[in-house]
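Enquirer: Questions regarding the structure given below will be posed in turn.
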Amino acid sequence: MKIPLLDLKRQYKNIRNEIEPAVISCMENGIYIGGRQVADFENAIAEYLGVRHAIGVGNGTDALVVALRAANIGSGDEVITTPFTFFASAESIAAVGAVPVFADICEDTFNIDPKSIEQKITPKTRAILPVHIFGCPAQMDEINAIAKKHNLLVIEDACQAIGAEYKGKKTGGIADMGCFSFFPTKNLGCFGDGGLITTNDDSLAMLCRAFREHGGGKNGAAARNILENKAKAVEAPADADPQYNPFKYYNYLIGYNTRLDAIQAAVLNVKLKHLDGWNQKRCENAAYYKKNIKNSKVKVPVLEGSFKHIYHQFALLTEDKEGLIHHLSGKGIAAGVFYPVPLHLQKALDYLGYKKGDLPVAEKITSQTVCLPIYPELTREELEYITEAVNEY
Ligand SMILES: *Cc1c(COP(=O)(O)O)cnc(C)c1O
């Protein structure tokens with residue numbers, strides 16, 4: 001049997017009847033950037049996540065960059081994050097000119113450890129950027145409390161956690177801002193790149209809307225006013241005449257070109273309706289593994305608490321990572337190696353001066369995690385086959 005880590009073609013077959021008309025209608029109506037599909041998606045996802053504002057952008061990395069810019073974080077500032085994540089979590093901090101500062105992680109959830117965060121706070125710290133890694137919510141009460149005490153902003157990297165919940169609240173809506181990615185392999189993925197910023201703060205939302213479109217137009221003017229404390233955020237009125245928009249070529253801030261495409265929004269409008277069902281299937285697959293994997297050389301993390309994990313990845317721990325991956329590969333099973341290098345030891349960040357041994361828990365977890373296929377379309381037969389392969393290792 002051959003089982004890939006993820007099989008997006010299976011998902012497409014199941015929803016093709018809904019996706020194709022939506023994409024075709026988008027191509028026929030001639031509005032490819034912005035328009036109704038994007039507005040509909042932003043409204044639907046804001047309601048799903050329980051937030052006031054949802055702002056579509058070009059990808060998850062840009063969501064982080066724009067969120068940091070909206071928070072006015074840049075040169076001279078420090079942002080505390082986790083080393084056990086995808087590179088973009090720290091890359092975005094460096095990209096706005098700030099310094100990523102790494103705290104260590106918890107052994108059980110692989111998420112940033114609030115106790116370690118406190119030790120890393122300096123007078124330059126401006127924000128905390130927790131990541132809900134693999135779809136498991138970070139300890140947001142503790143993190144928000146630390147932020148409040150030290151007057152810091154909290155930006156959730158929820159790129160792997162769409163639909164996850166922490167004490168009844170959806171991740172991405174628990175702090176000042178949330179960032180999501182619709183990269184095809186995420187639990188909610190589009191047919192290319194896509195991303196989203198969420199916030200309940202009207203001013204931050206206006207700044208994000210301005211930065212995603214060259215700091216221009218009415219949003220740019222309003223954002224400039226906010227930064228100069230001239231006025232509270234005002235909702236920019238829609239342009240009366242879309243053919244003649246004199247505001248568009250007046251720029252007020254240095255921003256980016258990072259928008260969610262209309263076709264991607266059309267795909268996401270269809271897929272959002274299936275998200276809870278898919279996440280539920282992932283949880284059932286995880287429950288099957290947790291119940292049936294029995295091998296003294298393999299540890300299955302418990303991961304229970306007042307949160308809902310959505311299993312973007314299902315990770316095992318083993319002291320012989322290479323051996324297990326090789327064994328599974330021999331059986332036709334593709335295992336995931338997230339993450340082979342903790343970010344504080346990535347070459348691109350060597351200028352920060354970290355060395356091996358600085359963040360022992362992250363380094364240990366990095367050397368031990370092996371991710372199994374967990375996607376919703378896995379069959380019972382495949383789940384049994386994978387479990388058997390792990391058990392006989
Ligand atoms: C995927 C991901 C990102 C980046 O998203 P892109 O859409 O690929 O730019 C950022 N952070 C985390 C934790 C991710 O998993």
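Just so we're on the same page: first chain in the structure tokens is A, next is B, and so on; residues restart at 1 for each chain, and ligands are numbered from 1 in the order they show up.
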With a distance cut-off of 9 Å and only C-alpha atoms, select the neighbouring residues of Val101 (chain A), excluding the residue or stretch itself and same-chain residues fewer than 3 positions from it, and output the selection as a compact mmCIF listing (two decimals) with C-alpha atoms, in the first residue's frame.

Expert:
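Output file out.txt follows:
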```txt
# COMPACT_ATOMS: atom_id res chain seq x y z
CA GLU A 78 11.83 42.50 20.06
CA VAL A 79 9.10 39.92 19.54
CA ILE A 80 9.06 36.68 21.54
CA THR A 81 8.11 33.54 19.64
CA THR A 82 8.65 29.77 19.55
CA PRO A 83 11.51 27.96 17.81
CA ALA A 90 10.20 34.24 12.89
CA LYS A 120 12.87 36.59 27.77
CA THR A 125 9.95 43.58 23.98
CA HIS A 344 17.09 29.33 16.70
CA LEU A 352 21.01 36.22 16.43
```

Enquirer: Go through chain A and flag each residue having an atom no more than 7 Å from ligand 1; for those, report the closest pair of atoms plus their distance in Å to one decimal, using only C-alpha atoms and all ligand atoms, ordered by chain and rising number, as CSV.

Expert:
```
residue,atom,partner,partner_atom_place_in_ligand_line,distance
A:Asn59,CA,ligand 1,7 (O),3.9
A:Gly60,CA,ligand 1,5 (O),3.4
A:Thr61,CA,ligand 1,9 (O),3.7
A:Asp62,CA,ligand 1,9 (O),6.4
A:Thr85,CA,ligand 1,13 (C),5.4
A:Phe86,CA,ligand 1,12 (C),5.0
A:Ala88,CA,ligand 1,10 (C),4.8
A:Ser89,CA,ligand 1,11 (N),4.9
A:Val131,CA,ligand 1,13 (C),5.9
A:Ile133,CA,ligand 1,13 (C),6.3
A:Asp157,CA,ligand 1,11 (N),5.9
A:Ala158,CA,ligand 1,13 (C),6.7
A:Cys159,CA,ligand 1,14 (C),4.8
A:Gln160,CA,ligand 1,15 (O),5.0
A:Ser181,CA,ligand 1,7 (O),4.2
A:Phe182,CA,ligand 1,7 (O),5.8
A:Phe183,CA,ligand 1,7 (O),4.8
A:Asp193,CA,ligand 1,7 (O),5.9
A:Gly194,CA,ligand 1,7 (O),6.0
A:Gly195,CA,ligand 1,7 (O),5.8
```

Enquirer: Once DSSP has gone over the backbone, tell me which residues of region 99-322 of chain A are in strand (DSSP E), as a PyMOL selection string.

Expert: chain A and resi 99-102+125-129+153-157+165-166+169-170+177-181+195-199+298-299+307-308+314-318

Enquirer: CA of Val51 (chain A) and CA of Gly172 (chain A) are how many Å apart?

Expert: 8.4 Å

Enquirer: Please identify the alpha helix (DSSP H) residues within region 127-300 of chain A (assignment by DSSP from backbone atoms) and present them as a PyMOL selection string.

Expert: chain A and resi 140-150+202-211+217-227+262-292

Enquirer: Please report the interatomic distance between CA of Val57 (chain A) and CA of Gln11 (chain A) in Å with one decimal.

Expert: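 A separation of 23.9 Å between them.
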
Enquirer: One decimal, in Å: what's the spacing between CA of Lys364 (chain A) and CA of Asn295 (chain A)?

Expert: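 These two atoms are separated by 19.9 Å.
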
Enquirer: For Ile263 (chain A), find every residue with an atom within 10 Å (counting only C-alpha atoms), except residues of its own chain fewer than 3 positions away, and show them as a list in words.

Expert: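 After dropping sequence-adjacent residues, the list is Ala22, Val23, Ile24, Ser25, Cys26, Met27, Ile31, Tyr32, Ile33, Gly34, Gln37, Val38, Cys190, Phe191, Gly192, Leu260, Ala266, Val267, Leu268 and Asn269 of chain A.
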
Enquirer: Could the residues in this selection be written to a file with C-alpha atoms, as a PDB file, in the first residue's frame?

Expert:
```
ATOM      1  CA  ALA A  22     -17.881  28.676  -8.223  1.00  0.00           C
ATOM      2  CA  VAL A  23     -14.528  29.085  -9.970  1.00  0.00           C
ATOM      3  CA  ILE A  24     -16.096  29.318 -13.447  1.00  0.00           C
ATOM      4  CA  SER A  25     -18.530  32.014 -12.325  1.00  0.00           C
ATOM      5  CA  CYS A  26     -15.568  33.921 -10.951  1.00  0.00           C
ATOM      6  CA  MET A  27     -13.768  33.708 -14.309  1.00  0.00           C
ATOM      7  CA  ILE A  31     -13.527  40.675 -11.354  1.00  0.00           C
ATOM      8  CA  TYR A  32     -10.325  38.923 -10.379  1.00  0.00           C
ATOM      9  CA  ILE A  33      -9.010  41.014  -7.514  1.00  0.00           C
ATOM     10  CA  GLY A  34     -11.414  41.890  -4.714  1.00  0.00           C
ATOM     11  CA  GLN A  37     -16.344  36.556  -3.528  1.00  0.00           C
ATOM     12  CA  VAL A  38     -13.640  38.119  -1.354  1.00  0.00           C
ATOM     13  CA  CYS A 190      -7.080  27.134  -1.376  1.00  0.00           C
ATOM     14  CA  PHE A 191      -5.722  26.350  -4.859  1.00  0.00           C
ATOM     15  CA  GLY A 192      -2.607  28.462  -4.490  1.00  0.00           C
ATOM     16  CA  LEU A 260      -6.583  37.334  -1.471  1.00  0.00           C
ATOM     17  CA  ALA A 266     -14.436  31.389  -4.375  1.00  0.00           C
ATOM     18  CA  VAL A 267     -12.681  28.105  -3.517  1.00  0.00           C
ATOM     19  CA  LEU A 268     -12.548  29.026   0.176  1.00  0.00           C
ATOM     20  CA  ASN A 269     -16.253  29.947   0.260  1.00  0.00           C
TER      21      ASN A 269
END
```

Enquirer: If we count only C-alpha atoms, what is near region 168-171 of chain A at a cut-off of 7 Å, once residues fewer than 6 positions away on the same chain are taken out, given as an mmCIF file with C-alpha atoms, in the first residue's frame?

Expert:
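Output contents, as saved in selection.cif:
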```cif
data_model
loop_
_atom_site.group_PDB
_atom_site.id
_atom_site.type_symbol
_atom_site.label_atom_id
_atom_site.label_comp_id
_atom_site.auth_asym_id
_atom_site.auth_seq_id
_atom_site.Cartn_x
_atom_site.Cartn_y
_atom_site.Cartn_z
ATOM 1 C CA LEU A 49 -14.120 32.682 13.930
ATOM 2 C CA PRO A 137 -3.914 25.831 21.004
ATOM 3 C CA ALA A 158 -3.007 30.364 13.855
ATOM 4 C CA ALA A 161 -5.131 25.940 13.731
ATOM 5 C CA ILE A 162 -8.215 27.065 11.815
#
```
